[in-house]
>>> print(open('model_24.txt').read())   # compact mmCIF, C-alpha atoms
# COMPACT_ATOMS: atom_id res chain seq x y z
CA MET A 1 32.26 10.65 -5.40
CA GLY A 2 32.44 14.30 -6.39
CA ASN A 3 30.08 16.08 -8.76
CA THR A 4 29.23 19.63 -9.76
CA GLY A 5 25.67 20.96 -9.60
CA GLY A 6 24.10 17.50 -9.43
CA ALA A 7 25.98 16.26 -12.51
CA TYR A 8 27.75 12.90 -12.79
CA THR A 9 29.73 11.21 -15.52
CA LEU A 10 28.53 7.79 -16.64
CA GLY A 11 31.74 6.36 -15.21
CA GLN A 12 30.87 7.80 -11.79
CA LEU A 13 27.32 6.47 -12.02
CA ALA A 14 28.54 3.00 -12.96
CA GLN A 15 30.80 2.97 -9.91
CA ALA A 16 28.07 4.25 -7.58
CA LEU A 17 25.48 1.74 -8.80
CA GLY A 18 27.79 -1.25 -9.21
CA ALA A 19 26.73 -1.38 -12.87
CA VAL A 20 28.63 -2.28 -16.03
CA LEU A 21 28.96 0.62 -18.45
CA GLU A 22 28.73 0.08 -22.19
CA GLY A 23 29.61 3.40 -23.78
CA ASP A 24 31.36 6.73 -23.13
CA SER A 25 32.43 6.93 -19.47
CA GLY A 26 32.95 10.69 -19.71
CA ARG A 27 29.40 11.61 -20.80
CA VAL A 28 27.84 13.94 -18.23
CA ILE A 29 24.38 13.17 -16.86
CA ARG A 30 22.41 15.84 -14.97
CA GLY A 31 19.19 14.07 -14.09
CA VAL A 32 16.78 11.13 -14.39
CA ALA A 33 13.70 11.30 -16.62
CA PRO A 34 11.06 9.04 -18.22
CA LEU A 35 11.75 7.64 -21.67
CA GLU A 36 9.26 9.97 -23.34
CA THR A 37 10.73 13.22 -22.01
CA ALA A 38 14.41 12.45 -21.34
CA GLY A 39 16.97 14.63 -23.10
CA PRO A 40 20.64 14.08 -24.03
CA ASP A 41 21.91 15.05 -20.56
CA GLN A 42 19.50 12.75 -18.71
CA ILE A 43 19.43 9.04 -18.01
CA SER A 44 16.29 6.95 -18.38
CA PHE A 45 15.55 3.34 -17.55
CA VAL A 46 14.16 0.07 -18.91
CA THR A 47 12.95 -2.06 -16.00
CA HIS A 48 10.43 -4.15 -17.98
CA PRO A 49 10.30 -5.52 -21.56
CA ARG A 50 7.23 -3.37 -22.28
CA TYR A 51 9.48 -0.31 -22.20
CA LEU A 52 11.79 -1.53 -24.95
CA LEU A 53 9.87 -0.02 -27.87
CA PRO A 54 9.66 3.53 -26.45
CA ALA A 55 13.31 3.25 -25.41
CA LYS A 56 14.37 2.79 -29.03
CA THR A 57 12.95 6.22 -29.92
CA SER A 58 13.94 8.00 -26.70
CA ARG A 59 16.36 10.97 -26.74
CA ALA A 60 17.90 9.94 -23.40
CA GLY A 61 21.64 10.31 -23.05
CA ALA A 62 21.95 6.90 -21.39
CA PHE A 63 19.81 3.99 -20.19
CA LEU A 64 19.77 1.94 -17.02
CA VAL A 65 18.97 -1.62 -18.13
CA GLY A 66 19.05 -5.28 -17.12
CA ALA A 67 21.15 -8.12 -18.48
CA ASP A 68 19.23 -8.84 -21.71
CA VAL A 69 18.57 -5.37 -23.12
CA LYS A 70 20.54 -4.31 -26.20
CA ASP A 71 20.39 -2.22 -29.38
CA LEU A 72 19.41 1.06 -27.74
CA PRO A 73 20.50 4.43 -29.17
CA ALA A 74 22.73 5.53 -26.23
CA PRO A 75 25.21 4.15 -23.69
CA LEU A 76 23.95 1.50 -21.29
CA LEU A 77 24.42 1.06 -17.55
CA ARG A 78 23.78 -2.64 -17.11
CA ALA A 79 22.68 -3.70 -13.60
CA ALA A 80 21.85 -7.12 -12.17
CA SER A 81 18.66 -5.60 -10.68
CA PRO A 82 17.69 -2.48 -12.64
CA GLN A 83 14.78 -1.72 -10.29
CA THR A 84 17.09 -1.67 -7.26
CA ALA A 85 19.67 0.35 -9.19
CA LEU A 86 16.96 2.85 -10.16
CA ILE A 87 16.18 3.43 -6.48
CA ALA A 88 19.85 4.22 -5.83
CA LEU A 89 19.97 6.44 -8.91
CA LEU A 90 16.96 8.49 -7.81
CA LYS A 91 18.42 8.93 -4.33
CA LEU A 92 21.67 10.09 -5.89
CA PHE A 93 20.03 12.86 -7.93
CA HIS A 94 17.32 13.65 -5.36
CA PRO A 95 18.89 13.28 -1.91
CA ALA A 96 16.77 13.91 1.17
CA PRO A 97 17.11 17.49 2.44
CA PRO A 98 19.61 17.75 5.28
CA LEU A 99 18.18 17.50 8.77
CA ALA A 100 18.34 20.75 10.72
CA PRO A 101 18.30 19.74 14.41
CA GLY A 102 16.35 21.85 16.81
CA THR A 103 12.85 23.01 17.70
CA HIS A 104 11.16 25.92 15.94
CA PRO A 105 10.32 28.76 18.35
CA SER A 106 6.60 28.49 17.52
CA ALA A 107 6.37 24.78 18.40
CA LEU A 108 4.61 23.91 21.65
CA VAL A 109 6.72 21.32 23.46
CA ALA A 110 5.72 20.13 26.93
CA GLY A 111 8.40 20.53 29.56
CA ASP A 112 8.28 16.87 30.56
CA SER A 113 8.48 15.54 27.01
CA ARG A 114 11.81 14.19 25.70
CA VAL A 115 12.92 15.48 22.30
CA HIS A 116 16.39 14.32 21.30
CA ALA A 117 18.83 17.13 20.57
CA SER A 118 19.44 15.77 17.06
CA ALA A 119 15.71 15.73 16.17
CA SER A 120 13.96 18.43 14.17
CA VAL A 121 10.58 19.85 15.27
CA GLY A 122 8.90 22.23 12.83
CA ALA A 123 6.78 25.33 13.23
CA TYR A 124 3.51 25.05 15.18
CA ALA A 125 4.07 21.40 15.98
CA VAL A 126 2.65 20.26 19.33
CA ILE A 127 4.48 17.75 21.51
CA GLN A 128 2.40 16.85 24.56
CA SER A 129 3.39 15.74 28.04
CA ARG A 130 5.66 12.66 28.39
CA ALA A 131 5.97 12.23 24.63
CA VAL A 132 9.30 10.98 23.28
CA VAL A 133 10.91 11.99 19.97
CA GLY A 134 14.00 9.96 19.08
CA ALA A 135 17.36 10.84 17.57
CA ARG A 136 17.34 12.35 14.07
CA ALA A 137 13.56 12.17 13.87
CA ARG A 138 11.96 14.81 11.65
CA ILE A 139 8.67 16.33 12.84
CA PHE A 140 7.29 18.66 10.19
CA PRO A 141 5.16 21.75 10.93
CA LEU A 142 1.63 21.36 12.29
CA VAL A 143 2.13 17.81 13.59
CA TYR A 144 0.35 16.81 16.79
CA VAL A 145 2.02 14.28 19.11
CA GLY A 146 -0.17 13.25 22.04
CA GLU A 147 0.59 12.45 25.65
CA GLY A 148 3.00 9.61 26.16
CA ALA A 149 3.41 8.92 22.43
CA GLU A 150 6.78 7.60 21.27
CA ILE A 151 8.47 8.31 17.93
CA GLY A 152 11.58 6.33 17.09
CA GLU A 153 14.92 7.28 15.62
CA GLU A 154 15.07 8.65 12.05
CA THR A 155 11.31 8.61 11.68
CA THR A 156 9.74 11.25 9.42
CA VAL A 157 6.31 12.70 10.23
CA TYR A 158 4.94 15.01 7.53
CA PRO A 159 2.70 18.06 8.12
CA GLN A 160 -0.74 17.72 9.69
CA VAL A 161 -0.28 14.19 10.99
CA VAL A 162 -2.08 13.40 14.25
CA ILE A 163 -0.42 10.91 16.59
CA ARG A 164 -2.74 10.38 19.52
CA GLU A 165 -1.84 9.59 23.12
CA GLY A 166 0.16 6.47 23.82
CA VAL A 167 0.88 5.56 20.19
CA ARG A 168 4.29 3.92 19.78
CA ILE A 169 6.17 4.33 16.50
CA GLY A 170 9.43 2.57 15.64
CA ARG A 171 12.54 3.61 13.78
CA ARG A 172 12.76 4.87 10.19
CA VAL A 173 8.99 5.05 9.85
CA ILE A 174 7.52 7.47 7.27
CA ILE A 175 4.07 8.95 7.96
CA HIS A 176 2.53 11.12 5.25
CA SER A 177 0.30 14.15 5.67
CA GLY A 178 -3.19 13.80 7.07
CA ALA A 179 -2.67 10.39 8.67
CA VAL A 180 -4.36 9.85 12.05
CA LEU A 181 -2.90 7.21 14.36
CA GLY A 182 -4.71 6.25 17.52
CA SER A 183 -8.22 7.55 16.90
CA ASP A 184 -10.94 5.63 18.77
CA GLY A 185 -11.93 2.26 17.44
CA PHE A 186 -15.52 2.00 16.21
CA GLY A 187 -17.15 0.17 19.10
CA TYR A 188 -20.72 0.53 20.38
CA ALA A 189 -23.31 -1.59 22.20
CA PHE A 190 -27.03 -0.92 21.66
CA ASP A 191 -28.91 -1.00 24.96
CA GLY A 192 -32.35 -0.95 23.39
CA ARG A 193 -32.49 2.82 23.44
CA VAL A 194 -29.13 4.27 22.37
CA HIS A 195 -25.75 3.14 21.11
CA GLN A 196 -23.45 3.11 24.14
CA LYS A 197 -19.83 3.91 23.29
CA ILE A 198 -17.38 1.20 24.34
CA PRO A 199 -14.28 2.89 25.77
CA GLN A 200 -11.29 2.43 23.49
CA VAL A 201 -8.43 2.28 25.96
CA GLY A 202 -5.81 0.30 24.01
CA GLY A 203 -2.96 1.57 21.85
CA VAL A 204 -1.30 1.47 18.46
CA VAL A 205 2.15 0.00 17.73
CA ILE A 206 3.94 0.76 14.46
CA GLU A 207 7.15 -1.23 14.09
CA ASP A 208 10.37 -0.25 12.28
CA ASP A 209 10.56 0.64 8.56
CA VAL A 210 6.81 1.01 8.03
CA GLU A 211 5.48 3.63 5.60
CA ILE A 212 1.98 5.06 6.09
CA GLY A 213 0.33 6.99 3.26
CA ALA A 214 -1.62 10.23 3.27
CA ASN A 215 -4.97 10.28 5.12
CA VAL A 216 -4.57 6.76 6.49
CA THR A 217 -6.47 6.07 9.72
CA ILE A 218 -5.25 3.47 12.20
CA ASP A 219 -7.57 3.08 15.18
CA ARG A 220 -6.44 2.33 18.70
CA ALA A 221 -7.43 -1.01 20.19
CA THR A 222 -10.33 -1.48 22.57
CA LEU A 223 -7.85 -3.33 24.80
CA GLY A 224 -4.31 -4.30 23.87
CA ASP A 225 -2.84 -2.86 20.68
CA THR A 226 -3.53 -2.40 17.00
CA VAL A 227 -0.22 -3.48 15.42
CA VAL A 228 1.54 -2.90 12.09
CA ARG A 229 4.64 -5.08 11.88
CA ARG A 230 8.00 -4.10 10.48
CA GLY A 231 8.51 -3.29 6.81
CA THR A 232 4.82 -3.03 5.90
CA LYS A 233 3.77 -0.33 3.42
CA ILE A 234 0.31 1.25 3.55
CA ASP A 235 -0.95 3.38 0.65
CA ASN A 236 -3.16 6.47 0.92
CA LEU A 237 -6.74 6.45 2.27
CA VAL A 238 -6.60 3.10 4.04
CA GLN A 239 -8.68 2.31 7.16
CA VAL A 240 -7.20 -0.05 9.76
CA ALA A 241 -9.72 -0.74 12.52
CA HIS A 242 -9.22 -1.52 16.21
CA ASN A 243 -7.23 -4.57 17.28
CA VAL A 244 -6.07 -5.38 13.75
CA GLU A 245 -2.64 -6.94 13.35
CA ILE A 246 -0.84 -6.58 10.03
CA GLY A 247 2.23 -8.78 9.61
CA GLN A 248 5.71 -8.01 8.33
CA HIS A 249 6.37 -6.68 4.82
CA ALA A 250 2.71 -6.60 3.81
CA ILE A 251 1.34 -4.21 1.16
CA VAL A 252 -2.02 -2.49 1.60
CA VAL A 253 -3.12 -0.44 -1.42
CA ALA A 254 -5.30 2.67 -1.45
CA GLN A 255 -8.89 2.75 -0.19
CA SER A 256 -8.71 -0.67 1.40
CA GLY A 257 -10.56 -1.25 4.66
CA ILE A 258 -9.62 -3.80 7.33
CA SER A 259 -12.33 -4.37 9.94
CA GLY A 260 -11.79 -4.91 13.64
CA SER A 261 -9.74 -7.79 15.07
CA CYS A 262 -8.50 -9.03 11.69
CA ARG A 263 -5.13 -10.68 11.21
CA VAL A 264 -3.21 -10.02 7.99
CA GLY A 265 -0.20 -12.27 7.45
CA ASN A 266 3.42 -11.64 6.57
CA GLY A 267 3.94 -10.65 2.95
CA ALA A 268 0.22 -10.37 2.24
CA VAL A 269 -0.87 -7.98 -0.54
CA LEU A 270 -4.22 -6.18 -0.50
CA GLY A 271 -5.07 -4.50 -3.82
CA GLY A 272 -6.96 -1.25 -4.07
CA GLN A 273 -10.40 -1.05 -2.44
CA VAL A 274 -10.20 -4.46 -0.79
CA GLY A 275 -12.70 -4.86 2.05
CA ILE A 276 -12.23 -7.38 4.86
CA ALA A 277 -14.98 -8.24 7.35
CA ASP A 278 -14.27 -8.29 11.08
CA HIS A 279 -12.41 -11.13 12.84
CA VAL A 280 -11.06 -12.51 9.56
CA THR A 281 -7.60 -14.07 9.16
CA ILE A 282 -5.61 -13.47 5.96
CA GLY A 283 -2.69 -15.89 5.81
CA ASP A 284 0.96 -15.31 4.96
CA GLY A 285 1.53 -14.67 1.27
CA VAL A 286 -2.15 -14.16 0.38
CA MET A 287 -2.66 -11.71 -2.50
CA LEU A 288 -6.10 -10.11 -2.87
CA GLY A 289 -7.00 -8.44 -6.16
CA GLY A 290 -8.52 -4.98 -6.32
CA GLN A 291 -12.09 -4.56 -5.00
CA SER A 292 -12.14 -8.02 -3.47
CA GLY A 293 -14.57 -8.58 -0.61
CA VAL A 294 -13.47 -11.01 2.08
CA PRO A 295 -16.20 -12.26 4.45
CA GLY A 296 -14.24 -15.19 5.90
CA ASP A 297 -10.74 -16.56 6.52
CA ILE A 298 -8.29 -17.11 3.65
CA ARG A 299 -5.30 -18.94 5.05
CA ALA A 300 -3.53 -20.59 2.08
CA ALA A 301 -1.00 -18.46 0.19
CA GLY A 302 -2.05 -17.62 -3.36
CA GLN A 303 -3.95 -15.12 -5.49
CA TYR A 304 -7.61 -14.39 -4.79
CA TRP A 305 -10.15 -12.03 -6.31
CA GLY A 306 -13.82 -11.13 -6.34
CA THR A 307 -16.67 -10.85 -3.84
CA PRO A 308 -16.61 -13.16 -2.06
CA ALA A 309 -12.91 -13.60 -2.82
CA ARG A 310 -12.06 -16.89 -4.53
CA PRO A 311 -8.91 -18.33 -6.12
CA VAL A 312 -8.25 -16.02 -9.04
CA ALA A 313 -8.67 -18.64 -11.80
CA GLU A 314 -12.09 -19.63 -10.44
CA ALA A 315 -13.12 -15.98 -10.01
CA ARG A 316 -12.20 -15.18 -13.61
CA ARG A 317 -14.32 -18.07 -14.88
CA ILE A 318 -17.28 -16.86 -12.83
CA TYR A 319 -16.97 -13.25 -13.92
CA GLY A 320 -16.41 -14.35 -17.51
CA ALA A 321 -19.66 -16.32 -17.43
CA MET A 322 -21.76 -13.47 -16.07
CA PRO A 323 -22.41 -11.69 -19.40
CA ARG A 324 -23.77 -14.98 -20.78
CA LEU A 325 -26.24 -15.58 -17.93
CA PRO A 326 -29.30 -13.93 -19.58
CA ASP A 327 -28.93 -16.11 -22.70
CA LEU A 328 -28.27 -19.20 -20.58
CA LEU A 329 -31.45 -18.54 -18.56
CA LYS A 330 -33.48 -18.24 -21.78
CA LYS A 331 -32.08 -21.56 -22.96
CA VAL A 332 -32.82 -23.26 -19.63
CA ARG A 333 -36.42 -22.00 -19.62
CA ALA A 334 -36.86 -23.20 -23.22
CA LEU A 335 -35.47 -26.61 -22.25
CA GLU A 336 -37.83 -26.80 -19.25
CA ARG A 337 -40.82 -26.11 -21.48
CA ARG A 338 -39.64 -28.74 -23.93
CA VAL A 339 -39.20 -31.31 -21.14
CA ARG A 340 -42.73 -30.61 -19.83
CA GLU A 341 -44.17 -31.06 -23.31
CA LEU A 342 -42.36 -34.40 -23.71
CA GLU A 343 -43.43 -35.52 -20.23
CA GLY A 344 -47.03 -34.63 -21.09
CA ARG A 345 -46.92 -36.71 -24.26
CA LEU A 346 -45.43 -39.65 -22.35
CA GLY A 347 -47.71 -39.28 -19.33
CA ILE A 348 -44.84 -38.74 -16.94
CA GLN A 349 -45.54 -36.86 -13.70
CA SER A 350 -43.22 -33.84 -13.33
CA PRO A 351 -41.26 -33.57 -10.06
CA GLU A 352 -42.11 -30.81 -7.63
CA GLY A 353 -40.60 -27.44 -8.48
CA GLY A 354 -41.04 -24.60 -10.87
CA GLU A 355 -39.18 -22.95 -13.65
CA VAL A 356 -35.78 -21.36 -13.27
CA ASP A 357 -36.30 -17.77 -12.16
CA GLY A 358 -35.27 -15.52 -14.99
CA GLY A 359 -35.19 -12.39 -12.82
>>> encode(input="model_24.txt", output="structure tokens")
Amino acid sequence: MGNTGGAYTLGQLAQALGAVLEGDSGRVIRGVAPLETAGPDQISFVTHPRYLLPAKTSRAGAFLVGADVKDLPAPLLRAASPQTALIALLKLFHPAPPLAPGTHPSALVAGDSRVHASASVGAYAVIQSRAVVGARARIFPLVYVGEGAEIGEETTVYPQVVIREGVRIGRRVIIHSGAVLGSDGFGYAFDGRVHQKIPQVGGVVIEDDVEIGANVTIDRATLGDTVVRRGTKIDNLVQVAHNVEIGQHAIVVAQSGISGSCRVGNGAVLGGQVGIADHVTIGDGVMLGGQSGVPGDIRAAGQYWGTPARPVAEARRIYGAMPRLPDLLKKVRALERRVRELEGRLGIQSPEGGEVDGG
């Protein structure tokens, strides 16, 4: 599909996205923009009913919408899955920069490493002995790849990532700046005098199609491997400790921490700032709300929240009751005094125990 200067007609966009066009097929679109800022030569999108009201006042030249949206002030591209169509639309207007195969003259590449001829290695990158960089991989400037590490085909490693010795990374993985893969696990034994460091001699395995956010740390195993299974997405500033295994297609949101030897199931979702104690199992399909603390296993699929994490409906009742606790304690203490007065009048001996502690 041809275009000039990043411009497409609505007819071309409908064909590319597999969408149904309602409106002028010849209208030219030059970009994608939010509803609030889109102009007449840009397309915007309505992927949720909450966006309908701002869409009605938007100046966008067209809208990408789902099956039920109507009465908007510009042509519509109607898609069965507007969210999926939006992904394709953004890739169309913002394609990845072309890969320039080759190694920059300033990169330090060990003679016994294997860098595929179609891969790109940027300025001041370091590729250590016996490391492997696969076909069409993109290693940005200032990346460190340790001895014997393996980076799969079409993987992208952004600047200032550290991939320590022996780490194995699959195909089409994306690793954002500042991530450190394969640092030592946090393991010590106190001998009565000092903390003795336990050698961390295991590895890290990152399977295909994983994305790892900026400043994520994934520790190597004490023995064996720390593993992130295929399709999992990890947000920025996440800590994954030694010997953790995260299943397929899981989501781990920013500032979460997973302690050593945990198991996180397939399709699990960890909201922001979730903390999981060591040796805990999180089952397939478990969803943990933001700031949840998990001291023990949660195996049944469902939504959980709070510290300690509970089924979300129960947690909401508990947190909803908390503001009322001071008044409830006052009422309980008043009732206790009343009961003692009545028992005194009736000559009844009170059971052992004192008043409710009011804090």
>>> closest_atom_pairs(input="model_24.txt", of="region 155-205 of chain A", to="region 115-122 of chain A", cutoff="10 Å", atoms="all atoms listed in the file", output="JSON lines")
{"residue": "A:Thr155", "atom": "CA", "partner": "A:Ala119", "partner_atom": "CA", "distance": 9.5}
{"residue": "A:Thr156", "atom": "CA", "partner": "A:Ser120", "partner_atom": "CA", "distance": 9.6}
{"residue": "A:Val157", "atom": "CA", "partner": "A:Val121", "partner_atom": "CA", "distance": 9.7}
{"residue": "A:Tyr158", "atom": "CA", "partner": "A:Gly122", "partner_atom": "CA", "distance": 9.8}
{"residue": "A:Pro159", "atom": "CA", "partner": "A:Gly122", "partner_atom": "CA", "distance": 8.8}
>>> axis_aligned_box(input="model_24.txt", around="region 92-108 of chain A", padding_each_side="6 Å", output="JSON")
{"center_x": 13.1, "center_y": 19.4, "center_z": 6.9, "size_x": 29.1, "size_y": 30.7, "size_z": 41.6}
>>> closest_residue(input="model_24.txt", among="A:Glu154, A:Glu36, A:Asp278, A:Glu341", to="Val264 (chain A)", atoms="all atoms listed in the file")
A:Asp278
>>> closest_residue(input="model_24.txt", among="A:Gly66, A:Gly213, A:Gly166, A:Gly102", to="Ala85 (chain A)", atoms="all atoms listed in the file")
A:Gly66
>>> closest_residue(input="model_24.txt", among="A:Gln349, A:Gln42, A:Ser113, A:Ser261", to="Val145 (chain A)", atoms="only C-alpha atoms")
A:Ser113
>>> closest_residue(input="model_24.txt", among="A:Gly224, A:Pro98, A:Gly146, A:Gly306", to="Val180 (chain A)", atoms="all atoms listed in the file")
A:Gly146
>>> residues_near_point(input="model_24.txt", point="(3.7, -7.1, 2.4)", cutoff="8 Å", atoms="all atoms listed in the file", output="PDB file with C-alpha atoms, keeping the file's coordinate frame")
ATOM      1  CA  GLY A 231       8.510  -3.290   6.810  1.00  0.00           C
ATOM      2  CA  THR A 232       4.820  -3.030   5.900  1.00  0.00           C
ATOM      3  CA  LYS A 233       3.770  -0.330   3.420  1.00  0.00           C
ATOM      4  CA  GLY A 247       2.230  -8.780   9.610  1.00  0.00           C
ATOM      5  CA  GLN A 248       5.710  -8.010   8.330  1.00  0.00           C
ATOM      6  CA  HIS A 249       6.370  -6.680   4.820  1.00  0.00           C
ATOM      7  CA  ALA A 250       2.710  -6.600   3.810  1.00  0.00           C
ATOM      8  CA  ILE A 251       1.340  -4.210   1.160  1.00  0.00           C
ATOM      9  CA  VAL A 252      -2.020  -2.490   1.600  1.00  0.00           C
ATOM     10  CA  ASN A 266       3.420 -11.640   6.570  1.00  0.00           C
ATOM     11  CA  GLY A 267       3.940 -10.650   2.950  1.00  0.00           C
ATOM     12  CA  ALA A 268       0.220 -10.370   2.240  1.00  0.00           C
ATOM     13  CA  VAL A 269      -0.870  -7.980  -0.540  1.00  0.00           C
ATOM     14  CA  GLY A 285       1.530 -14.670   1.270  1.00  0.00           C
TER      15      GLY A 285
END
>>> atom_distance(input="model_24.txt", atom1="CA of Val339 (chain A)", atom2="CA of Arg317 (chain A)")
28.9 Å
>>> closest_residue(input="model_24.txt", among="A:Val244, A:Val238, A:Ala277, A:Leu53", to="Gly203 (chain A)", atoms="all atoms listed in the file")
A:Val244
>>> residues_around(input="model_24.txt", residues="region 43-47 of chain A", least_positions_apart="3", cutoff="8 Å", atoms="all atoms listed in the file", output="number ranges by chain")
A: 29, 31-35, 38-40, 51-52, 55, 60-66, 82-83, 86
>>> atom_distance(input="model_24.txt", atom1="CA of Ala125 (chain A)", atom2="CA of Glu150 (chain A)")
15.0 Å
>>> closest_residue(input="model_24.txt", among="A:Leu108, A:Gly187, A:Val228, A:Leu10", to="Val167 (chain A)", atoms="all atoms listed in the file")
A:Val228
>>> residues_near_point(input="model_24.txt", point="(28.1, 2.5, -18.4)", cutoff="9 Å", atoms="all atoms listed in the file", output="ChimeraX atom specification")
/A:10-15,19-25,62-64,75-78
>>> atom_distance(input="model_24.txt", atom1="CA of Arg130 (chain A)", atom2="CA of Val109 (chain A)")
10.0 Å
>>> residues_around(input="model_24.txt", residues="Ala309 (chain A)", least_positions_apart="4", cutoff="12 Å", atoms="only C-alpha atoms", output="VMD selection string")
chain A and resid 270 274 to 277 282 286 to 298 302 to 305 313 to 316 318 to 319
